[in-house]
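Below you'll find the structure, written out as structure tokens, and then a few comments.
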Amino acid sequence: MFSVVFLLALLTFSVAGSPVEVCNPTVTLPITRRLALSNVTDLLRHDEARLAAFEEYSTRGRRDADAGPHPTVPLSHANFGNSFSGYTVRLAIGDPPTNYDLIVDSGSAITWVGGGLPYISFSGVNTNEPVAVDYRYGSFEGTIWEDRITFTEKITIPRMPIGVASTVRDIDADGVLGIGPTLSGLGALQDHPGQTTPTVIDRLTEQGTIKQPIVGIFFQPTVANEVNNGELCFGGTNPKKYYKPLAYADVTIIGPSSLHWGINQWILYRNAEILSYSAGIVDSGCTFLYLAIDAYERYKAATGGTLNPANGLLQISLQQYDQLRDLEFYIGWKIFKLVPNAQIWPRSLNHRINGGDNDIFLIVKSLRTRTGAGYNFVNGYVFLQRFYTAFDSGKRRVGFGETPFTNADTN
């Protein structure tokens, strides 16, 4: 049942409204998503390691810290490590410019290169500041350099702090483009762990290239190994990709989620509460939807799912799928619904997760903590592929909007 607190909050958000930030793309480039899975066990381990890293770096970061034109660039979905699916963006760095395929990571703030293609540039300046990020499923170590990043012929960042890797472990990409909040970079600078470096969004805003420190991300459901289906927009959002208006939620004040793209939300299923109003994060780097242990158990009971030992996912029968209902997320002033088809793994990819052609697996997984830990959910890729997402670092908020793929019957 709805709480009085929620009804009051919903009324407040409805009255306040939600202005739309618009990005006018100046460049359209080909976008490719590549799905690289060895097995679902490794994929789940990747997510779990990433979640553990969030918790560790959030705690360390708080301790160390003492508590115009808008470039639109393409995203390619490629492997992160040996079995993770993640989006990449191609950016040119240095002089002469070298094109790097960088993983787009909303959970970190450090941008670095040198994982695949070596860093070679005559324009870079070595600051001699050691930098390291341990993602748990992989890591990099190196030093901070300042060099040019080129988005288009007319849009560049002349002196952007980037990590240049000397050691890379288990990351099968040229590097990472960190689009997380600036604070999520706490702990990365080894000599100054309580300090942060500017993000790409920070620099684009500071130099006046963009007027608003906003990143808009568009994904769409993928049921094949390779498909064109993503967009990253700096400086606003692309209204051609979603149905207006976006609904915004402020970044939560509850730690550790507050150091990332953390929000508060309710989740209901068949008018029954699955997750009480609580804090969690929005993360493009995690594949599944994660809920606190008690919320996961309520969802499991409500859907009748049983744990499949071969892949660790909840499995339901065709009859149970026919009875599946929308999973409702109350975020800001709007209700976002994961329709039944959005709650299942793409059946065309069942062979990648040790499943039969006609098996049906749910995409909801359990965290290691119960509700109340300040880290009660992760809206991962399976959620983001159904909704346009805007990360607004200036106003510290996250916005969502429905897209033509929100209700798509693709899985």
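Letters A, B, ... go to the chains of the structure tokens in the order shown; residues in each chain start at 1; ligands are counted from 1 in the same order.
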If we count only C-alpha atoms, what is near stretch 91-108 of chain A at a cut-off of 7 Å, once residues fewer than 6 positions away on the same chain are taken out, given as an MDAnalysis selection string?
chainID A and resid 121:124 147:151 173:180 184:185 260 283:285
Any chance you can output those residues with N, CA, C and O atoms as a PDB file, in the first residue's frame?
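Output file result15.pdb is given in full below:
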ATOM      1  N   SER A 121      51.683  10.617 -27.434  1.00  0.00           N
ATOM      2  CA  SER A 121      51.273  11.986 -27.726  1.00  0.00           C
ATOM      3  C   SER A 121      52.445  12.929 -27.514  1.00  0.00           C
ATOM      4  O   SER A 121      53.238  12.768 -26.583  1.00  0.00           O
ATOM      5  N   PHE A 122      52.540  13.932 -28.380  1.00  0.00           N
ATOM      6  CA  PHE A 122      53.564  14.957 -28.235  1.00  0.00           C
ATOM      7  C   PHE A 122      53.050  16.173 -27.472  1.00  0.00           C
ATOM      8  O   PHE A 122      53.815  17.088 -27.165  1.00  0.00           O
ATOM      9  N   SER A 123      51.741  16.180 -27.176  1.00  0.00           N
ATOM     10  CA  SER A 123      51.148  17.335 -26.505  1.00  0.00           C
ATOM     11  C   SER A 123      50.889  17.099 -25.026  1.00  0.00           C
ATOM     12  O   SER A 123      50.562  18.030 -24.298  1.00  0.00           O
ATOM     13  N   GLY A 124      51.030  15.876 -24.554  1.00  0.00           N
ATOM     14  CA  GLY A 124      50.726  15.560 -23.164  1.00  0.00           C
ATOM     15  C   GLY A 124      51.774  16.070 -22.197  1.00  0.00           C
ATOM     16  O   GLY A 124      52.964  16.151 -22.513  1.00  0.00           O
ATOM     17  N   ASP A 147      46.204  16.421 -21.359  1.00  0.00           N
ATOM     18  CA  ASP A 147      46.312  16.348 -22.809  1.00  0.00           C
ATOM     19  C   ASP A 147      44.974  16.706 -23.442  1.00  0.00           C
ATOM     20  O   ASP A 147      43.948  16.829 -22.753  1.00  0.00           O
ATOM     21  N   ARG A 148      44.984  16.833 -24.748  1.00  0.00           N
ATOM     22  CA  ARG A 148      43.798  17.235 -25.501  1.00  0.00           C
ATOM     23  C   ARG A 148      42.870  16.037 -25.734  1.00  0.00           C
ATOM     24  O   ARG A 148      43.317  14.959 -26.133  1.00  0.00           O
ATOM     25  N   ILE A 149      41.563  16.265 -25.494  1.00  0.00           N
ATOM     26  CA  ILE A 149      40.531  15.307 -25.890  1.00  0.00           C
ATOM     27  C   ILE A 149      39.702  15.956 -26.985  1.00  0.00           C
ATOM     28  O   ILE A 149      39.237  17.087 -26.841  1.00  0.00           O
ATOM     29  N   THR A 150      39.519  15.234 -28.082  1.00  0.00           N
ATOM     30  CA  THR A 150      38.761  15.749 -29.214  1.00  0.00           C
ATOM     31  C   THR A 150      37.463  14.974 -29.364  1.00  0.00           C
ATOM     32  O   THR A 150      37.466  13.750 -29.541  1.00  0.00           O
ATOM     33  N   PHE A 151      36.339  15.712 -29.293  1.00  0.00           N
ATOM     34  CA  PHE A 151      35.024  15.109 -29.503  1.00  0.00           C
ATOM     35  C   PHE A 151      34.630  15.226 -30.973  1.00  0.00           C
ATOM     36  O   PHE A 151      34.168  14.273 -31.588  1.00  0.00           O
ATOM     37  N   ALA A 173      39.838  -3.221 -22.912  1.00  0.00           N
ATOM     38  CA  ALA A 173      39.424  -1.997 -23.590  1.00  0.00           C
ATOM     39  C   ALA A 173      40.599  -1.032 -23.566  1.00  0.00           C
ATOM     40  O   ALA A 173      41.598  -1.263 -22.876  1.00  0.00           O
ATOM     41  N   ASP A 174      40.485   0.058 -24.320  1.00  0.00           N
ATOM     42  CA  ASP A 174      41.555   1.043 -24.346  1.00  0.00           C
ATOM     43  C   ASP A 174      41.604   1.879 -23.078  1.00  0.00           C
ATOM     44  O   ASP A 174      42.626   2.493 -22.773  1.00  0.00           O
ATOM     45  N   GLY A 175      40.494   1.931 -22.343  1.00  0.00           N
ATOM     46  CA  GLY A 175      40.441   2.726 -21.126  1.00  0.00           C
ATOM     47  C   GLY A 175      39.016   2.960 -20.694  1.00  0.00           C
ATOM     48  O   GLY A 175      38.098   2.247 -21.117  1.00  0.00           O
ATOM     49  N   VAL A 176      38.818   3.974 -19.874  1.00  0.00           N
ATOM     50  CA  VAL A 176      37.508   4.268 -19.292  1.00  0.00           C
ATOM     51  C   VAL A 176      37.235   5.762 -19.380  1.00  0.00           C
ATOM     52  O   VAL A 176      38.127   6.580 -19.115  1.00  0.00           O
ATOM     53  N   LEU A 177      36.022   6.114 -19.753  1.00  0.00           N
ATOM     54  CA  LEU A 177      35.531   7.491 -19.650  1.00  0.00           C
ATOM     55  C   LEU A 177      34.638   7.555 -18.425  1.00  0.00           C
ATOM     56  O   LEU A 177      33.542   7.004 -18.417  1.00  0.00           O
ATOM     57  N   GLY A 178      35.113   8.202 -17.363  1.00  0.00           N
ATOM     58  CA  GLY A 178      34.347   8.284 -16.128  1.00  0.00           C
ATOM     59  C   GLY A 178      33.357   9.435 -16.162  1.00  0.00           C
ATOM     60  O   GLY A 178      33.754  10.599 -16.254  1.00  0.00           O
ATOM     61  N   ILE A 179      32.068   9.129 -16.109  1.00  0.00           N
ATOM     62  CA  ILE A 179      31.040  10.161 -16.092  1.00  0.00           C
ATOM     63  C   ILE A 179      30.273  10.162 -14.770  1.00  0.00           C
ATOM     64  O   ILE A 179      29.174  10.695 -14.678  1.00  0.00           O
ATOM     65  N   GLY A 180      30.874   9.553 -13.741  1.00  0.00           N
ATOM     66  CA  GLY A 180      30.276   9.595 -12.417  1.00  0.00           C
ATOM     67  C   GLY A 180      30.462  10.967 -11.789  1.00  0.00           C
ATOM     68  O   GLY A 180      31.202  11.816 -12.302  1.00  0.00           O
ATOM     69  N   SER A 184      33.014  10.738  -6.805  1.00  0.00           N
ATOM     70  CA  SER A 184      33.271   9.304  -6.932  1.00  0.00           C
ATOM     71  C   SER A 184      34.725   9.026  -7.301  1.00  0.00           C
ATOM     72  O   SER A 184      35.159   7.881  -7.320  1.00  0.00           O
ATOM     73  N   GLY A 185      35.496  10.085  -7.571  1.00  0.00           N
ATOM     74  CA  GLY A 185      36.912   9.916  -7.826  1.00  0.00           C
ATOM     75  C   GLY A 185      37.782  10.004  -6.592  1.00  0.00           C
ATOM     76  O   GLY A 185      39.014   9.868  -6.675  1.00  0.00           O
ATOM     77  N   HIS A 260      27.705   8.660  -5.290  1.00  0.00           N
ATOM     78  CA  HIS A 260      27.576   8.187  -6.668  1.00  0.00           C
ATOM     79  C   HIS A 260      26.300   8.798  -7.247  1.00  0.00           C
ATOM     80  O   HIS A 260      25.779   9.774  -6.721  1.00  0.00           O
ATOM     81  N   ASP A 283      23.461   2.773 -12.145  1.00  0.00           N
ATOM     82  CA  ASP A 283      24.799   2.420 -12.616  1.00  0.00           C
ATOM     83  C   ASP A 283      24.738   1.674 -13.932  1.00  0.00           C
ATOM     84  O   ASP A 283      24.178   0.574 -14.004  1.00  0.00           O
ATOM     85  N   SER A 284      25.328   2.270 -14.963  1.00  0.00           N
ATOM     86  CA  SER A 284      25.354   1.628 -16.274  1.00  0.00           C
ATOM     87  C   SER A 284      26.331   0.461 -16.328  1.00  0.00           C
ATOM     88  O   SER A 284      26.295  -0.343 -17.253  1.00  0.00           O
ATOM     89  N   GLY A 285      27.230   0.356 -15.333  1.00  0.00           N
ATOM     90  CA  GLY A 285      28.252  -0.677 -15.344  1.00  0.00           C
ATOM     91  C   GLY A 285      27.800  -2.007 -14.793  1.00  0.00           C
ATOM     92  O   GLY A 285      28.468  -3.020 -14.999  1.00  0.00           O
TER      93      GLY A 285
END
Close residues, stretch 397-405 of chain A itself excluded, 7 Å, only C-alpha atoms, min 4 positions apart in chain, as a VMD selection string
chain A and resid 220 241 to 251 386 to 393
Set out as CSV a contact list for stretch 304-352 of chain A and stretch 363-376 of chain A with a cut-off of 7 Å, giving each residue of stretch 304-352 of chain A that qualifies its closest atom pair and distance in Å to one decimal, counting only C-alpha atoms, ordered by chain and rising residue number.
residue,atom,partner,partner_atom,distance
A:Gln343,CA,A:Ile363,CA,5.6
A:Ile344,CA,A:Ile363,CA,5.3
A:Trp345,CA,A:Ile363,CA,5.8
Using N, CA, C and O atoms, can you write the selected residues to a file as an mmCIF file, in the first residue's frame?
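Final output, again_33.cif:
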data_model
loop_
_atom_site.group_PDB
_atom_site.id
_atom_site.type_symbol
_atom_site.label_atom_id
_atom_site.label_comp_id
_atom_site.auth_asym_id
_atom_site.auth_seq_id
_atom_site.Cartn_x
_atom_site.Cartn_y
_atom_site.Cartn_z
ATOM 1 N N GLN A 343 11.474 -7.559 -17.477
ATOM 2 C CA GLN A 343 11.951 -8.221 -16.258
ATOM 3 C C GLN A 343 12.620 -9.558 -16.535
ATOM 4 O O GLN A 343 13.051 -10.232 -15.593
ATOM 5 N N ILE A 344 12.742 -9.930 -17.801
ATOM 6 C CA ILE A 344 13.335 -11.228 -18.117
ATOM 7 C C ILE A 344 14.567 -11.052 -18.999
ATOM 8 O O ILE A 344 14.719 -10.055 -19.705
ATOM 9 N N TRP A 345 15.447 -12.037 -18.918
ATOM 10 C CA TRP A 345 16.648 -12.074 -19.747
ATOM 11 C C TRP A 345 16.241 -12.367 -21.196
ATOM 12 O O TRP A 345 15.305 -13.143 -21.427
#
Here is a test: counting only C-alpha atoms, which residue of A:Leu186, A:Leu384, A:Val215, A:Ala310 is nearest to A:Phe336?
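Smallest distance to A:Phe336 is found for A:Leu384.
In this structure, atom CA of A:Pro181 sits 13.9 Å away from atom CA of A:Gly255.
The space between atom CA of A:Leu43 and atom CA of A:Thr287 spans 8.0 Å.
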Would you give me, as a PDB file with C-alpha atoms, in the first residue's frame, the residues in stretch 107-354 of chain A that DSSP reads as strand (DSSP E or B)?
ATOM      1  CA  TRP A 112      42.157   6.982 -18.470  1.00  0.00           C
ATOM      2  CA  VAL A 113      43.798   5.334 -21.483  1.00  0.00           C
ATOM      3  CA  VAL A 125      52.190  16.887 -19.922  1.00  0.00           C
ATOM      4  CA  ASN A 126      53.016  14.453 -17.116  1.00  0.00           C
ATOM      5  CA  THR A 127      51.894  15.792 -13.704  1.00  0.00           C
ATOM      6  CA  ASN A 128      53.686  12.887 -11.928  1.00  0.00           C
ATOM      7  CA  GLU A 129      50.567  12.343  -9.782  1.00  0.00           C
ATOM      8  CA  PRO A 130      50.114   8.579  -9.232  1.00  0.00           C
ATOM      9  CA  VAL A 131      46.586   7.323  -9.879  1.00  0.00           C
ATOM     10  CA  ALA A 132      44.952   3.928  -9.409  1.00  0.00           C
ATOM     11  CA  VAL A 133      41.442   2.526  -9.515  1.00  0.00           C
ATOM     12  CA  ASP A 134      40.559  -1.005  -8.459  1.00  0.00           C
ATOM     13  CA  SER A 139      42.169  -2.370 -12.243  1.00  0.00           C
ATOM     14  CA  PHE A 140      44.619   0.140 -13.588  1.00  0.00           C
ATOM     15  CA  GLU A 141      47.596   2.042 -12.222  1.00  0.00           C
ATOM     16  CA  GLY A 142      49.469   4.923 -13.789  1.00  0.00           C
ATOM     17  CA  THR A 143      49.997   8.666 -13.596  1.00  0.00           C
ATOM     18  CA  ILE A 144      47.868  11.721 -14.367  1.00  0.00           C
ATOM     19  CA  TRP A 145      48.724  13.541 -17.575  1.00  0.00           C
ATOM     20  CA  GLU A 146      47.113  16.614 -19.117  1.00  0.00           C
ATOM     21  CA  ASP A 147      46.312  16.348 -22.809  1.00  0.00           C
ATOM     22  CA  ARG A 148      43.798  17.235 -25.501  1.00  0.00           C
ATOM     23  CA  ILE A 149      40.531  15.307 -25.890  1.00  0.00           C
ATOM     24  CA  THR A 150      38.761  15.749 -29.214  1.00  0.00           C
ATOM     25  CA  THR A 156      37.853  19.784 -27.719  1.00  0.00           C
ATOM     26  CA  ILE A 157      39.211  19.956 -24.193  1.00  0.00           C
ATOM     27  CA  PRO A 158      42.746  21.372 -24.583  1.00  0.00           C
ATOM     28  CA  ARG A 159      44.121  20.240 -21.207  1.00  0.00           C
ATOM     29  CA  MET A 160      42.136  17.394 -19.689  1.00  0.00           C
ATOM     30  CA  PRO A 161      43.539  15.418 -16.717  1.00  0.00           C
ATOM     31  CA  ILE A 162      43.617  11.777 -17.794  1.00  0.00           C
ATOM     32  CA  GLY A 163      45.169   8.698 -16.320  1.00  0.00           C
ATOM     33  CA  VAL A 164      47.820   7.044 -18.444  1.00  0.00           C
ATOM     34  CA  ALA A 165      48.055   3.399 -17.456  1.00  0.00           C
ATOM     35  CA  SER A 166      51.313   1.665 -16.726  1.00  0.00           C
ATOM     36  CA  THR A 167      49.570  -1.475 -15.434  1.00  0.00           C
ATOM     37  CA  VAL A 168      46.131  -2.790 -16.457  1.00  0.00           C
ATOM     38  CA  ARG A 169      44.512  -5.950 -15.119  1.00  0.00           C
ATOM     39  CA  GLY A 175      40.441   2.726 -21.126  1.00  0.00           C
ATOM     40  CA  VAL A 176      37.508   4.268 -19.292  1.00  0.00           C
ATOM     41  CA  LEU A 177      35.531   7.491 -19.650  1.00  0.00           C
ATOM     42  CA  GLY A 178      34.347   8.284 -16.128  1.00  0.00           C
ATOM     43  CA  LEU A 189      44.924  10.033  -6.509  1.00  0.00           C
ATOM     44  CA  ILE A 214      24.471  17.176 -17.920  1.00  0.00           C
ATOM     45  CA  VAL A 215      25.097  13.828 -19.581  1.00  0.00           C
ATOM     46  CA  GLY A 216      22.215  12.199 -21.421  1.00  0.00           C
ATOM     47  CA  ILE A 217      22.424   8.461 -22.096  1.00  0.00           C
ATOM     48  CA  PHE A 218      20.268   6.437 -24.443  1.00  0.00           C
ATOM     49  CA  GLU A 226      26.137  -6.807 -32.207  1.00  0.00           C
ATOM     50  CA  VAL A 227      23.744  -3.941 -32.887  1.00  0.00           C
ATOM     51  CA  GLU A 231      24.047   7.551 -27.622  1.00  0.00           C
ATOM     52  CA  LEU A 232      25.900   9.743 -25.174  1.00  0.00           C
ATOM     53  CA  CYS A 233      24.997  13.447 -25.107  1.00  0.00           C
ATOM     54  CA  PHE A 234      27.084  16.079 -23.313  1.00  0.00           C
ATOM     55  CA  ALA A 247      11.231  13.190 -14.252  1.00  0.00           C
ATOM     56  CA  TYR A 248      14.108  14.166 -11.969  1.00  0.00           C
ATOM     57  CA  ALA A 249      15.054  12.927  -8.521  1.00  0.00           C
ATOM     58  CA  ASP A 250      17.658  14.672  -6.385  1.00  0.00           C
ATOM     59  CA  GLY A 262      22.374   7.743  -5.906  1.00  0.00           C
ATOM     60  CA  ILE A 263      18.636   8.397  -5.646  1.00  0.00           C
ATOM     61  CA  ASN A 264      15.705   7.430  -3.439  1.00  0.00           C
ATOM     62  CA  GLN A 265      12.880   5.275  -4.797  1.00  0.00           C
ATOM     63  CA  TRP A 266      10.001   2.950  -3.920  1.00  0.00           C
ATOM     64  CA  ILE A 267       9.304  -0.291  -5.751  1.00  0.00           C
ATOM     65  CA  LEU A 268       5.855  -1.887  -5.849  1.00  0.00           C
ATOM     66  CA  TYR A 269       4.516  -5.056  -7.453  1.00  0.00           C
ATOM     67  CA  ALA A 272       2.410  -4.493  -2.644  1.00  0.00           C
ATOM     68  CA  GLU A 273       5.641  -2.931  -1.459  1.00  0.00           C
ATOM     69  CA  ILE A 274       8.762  -4.715  -2.651  1.00  0.00           C
ATOM     70  CA  LEU A 275      11.252  -2.037  -1.571  1.00  0.00           C
ATOM     71  CA  SER A 276      10.429   0.716   0.893  1.00  0.00           C
ATOM     72  CA  TYR A 277      11.464   4.302   0.169  1.00  0.00           C
ATOM     73  CA  SER A 278      15.234   4.093   0.400  1.00  0.00           C
ATOM     74  CA  ALA A 279      18.546   4.991  -1.219  1.00  0.00           C
ATOM     75  CA  GLY A 280      20.502   3.195  -3.918  1.00  0.00           C
ATOM     76  CA  ILE A 281      22.397   3.936  -7.111  1.00  0.00           C
ATOM     77  CA  VAL A 282      21.912   4.151 -10.847  1.00  0.00           C
ATOM     78  CA  LEU A 289      18.719  -5.010 -11.220  1.00  0.00           C
ATOM     79  CA  TYR A 290      19.869  -5.523  -7.636  1.00  0.00           C
ATOM     80  CA  LEU A 291      17.666  -5.270  -4.540  1.00  0.00           C
ATOM     81  CA  THR A 306      12.977 -20.374  -8.156  1.00  0.00           C
ATOM     82  CA  LEU A 307      16.763 -20.162  -8.155  1.00  0.00           C
ATOM     83  CA  LEU A 314      15.444 -16.781 -10.790  1.00  0.00           C
ATOM     84  CA  GLN A 315      13.536 -18.928 -13.254  1.00  0.00           C
ATOM     85  CA  ILE A 316       9.793 -18.925 -13.939  1.00  0.00           C
ATOM     86  CA  LEU A 327       7.349  -3.752 -11.511  1.00  0.00           C
ATOM     87  CA  GLU A 328       6.716  -0.128 -10.533  1.00  0.00           C
ATOM     88  CA  PHE A 329       9.469   2.328  -9.605  1.00  0.00           C
ATOM     89  CA  TYR A 330       8.391   5.544  -7.894  1.00  0.00           C
ATOM     90  CA  ILE A 331      11.122   8.054  -8.742  1.00  0.00           C
ATOM     91  CA  LYS A 334       6.676   9.813 -11.873  1.00  0.00           C
ATOM     92  CA  ILE A 335       6.041   6.080 -11.874  1.00  0.00           C
ATOM     93  CA  PHE A 336       8.334   4.075 -14.141  1.00  0.00           C
ATOM     94  CA  LYS A 337       7.195   0.580 -15.012  1.00  0.00           C
ATOM     95  CA  LEU A 338       9.334  -2.376 -15.951  1.00  0.00           C
ATOM     96  CA  ILE A 344      13.335 -11.228 -18.117  1.00  0.00           C
TER      97      ILE A 344
END
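Between A:Tyr137 and the candidates A:Val200, A:Ala49, A:Ala342, A:Ile210, the tightest atom-to-atom separation, counting only C-alpha atoms, involves A:Ala49.
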Fewer than 5 positions away in the same chain doesn't count, so skip those; otherwise give me all residues within 12 Å of A:Gln319, counting only C-alpha atoms, as a list in words.
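So, after excluding close chain neighbours, the residues are Thr303, Gly304, Gly305, Leu324, Asp359 and Ile360 of chain A.
The space separating atom CA of A:Ile353 from atom CA of A:Lys300 comes to 19.5 Å.
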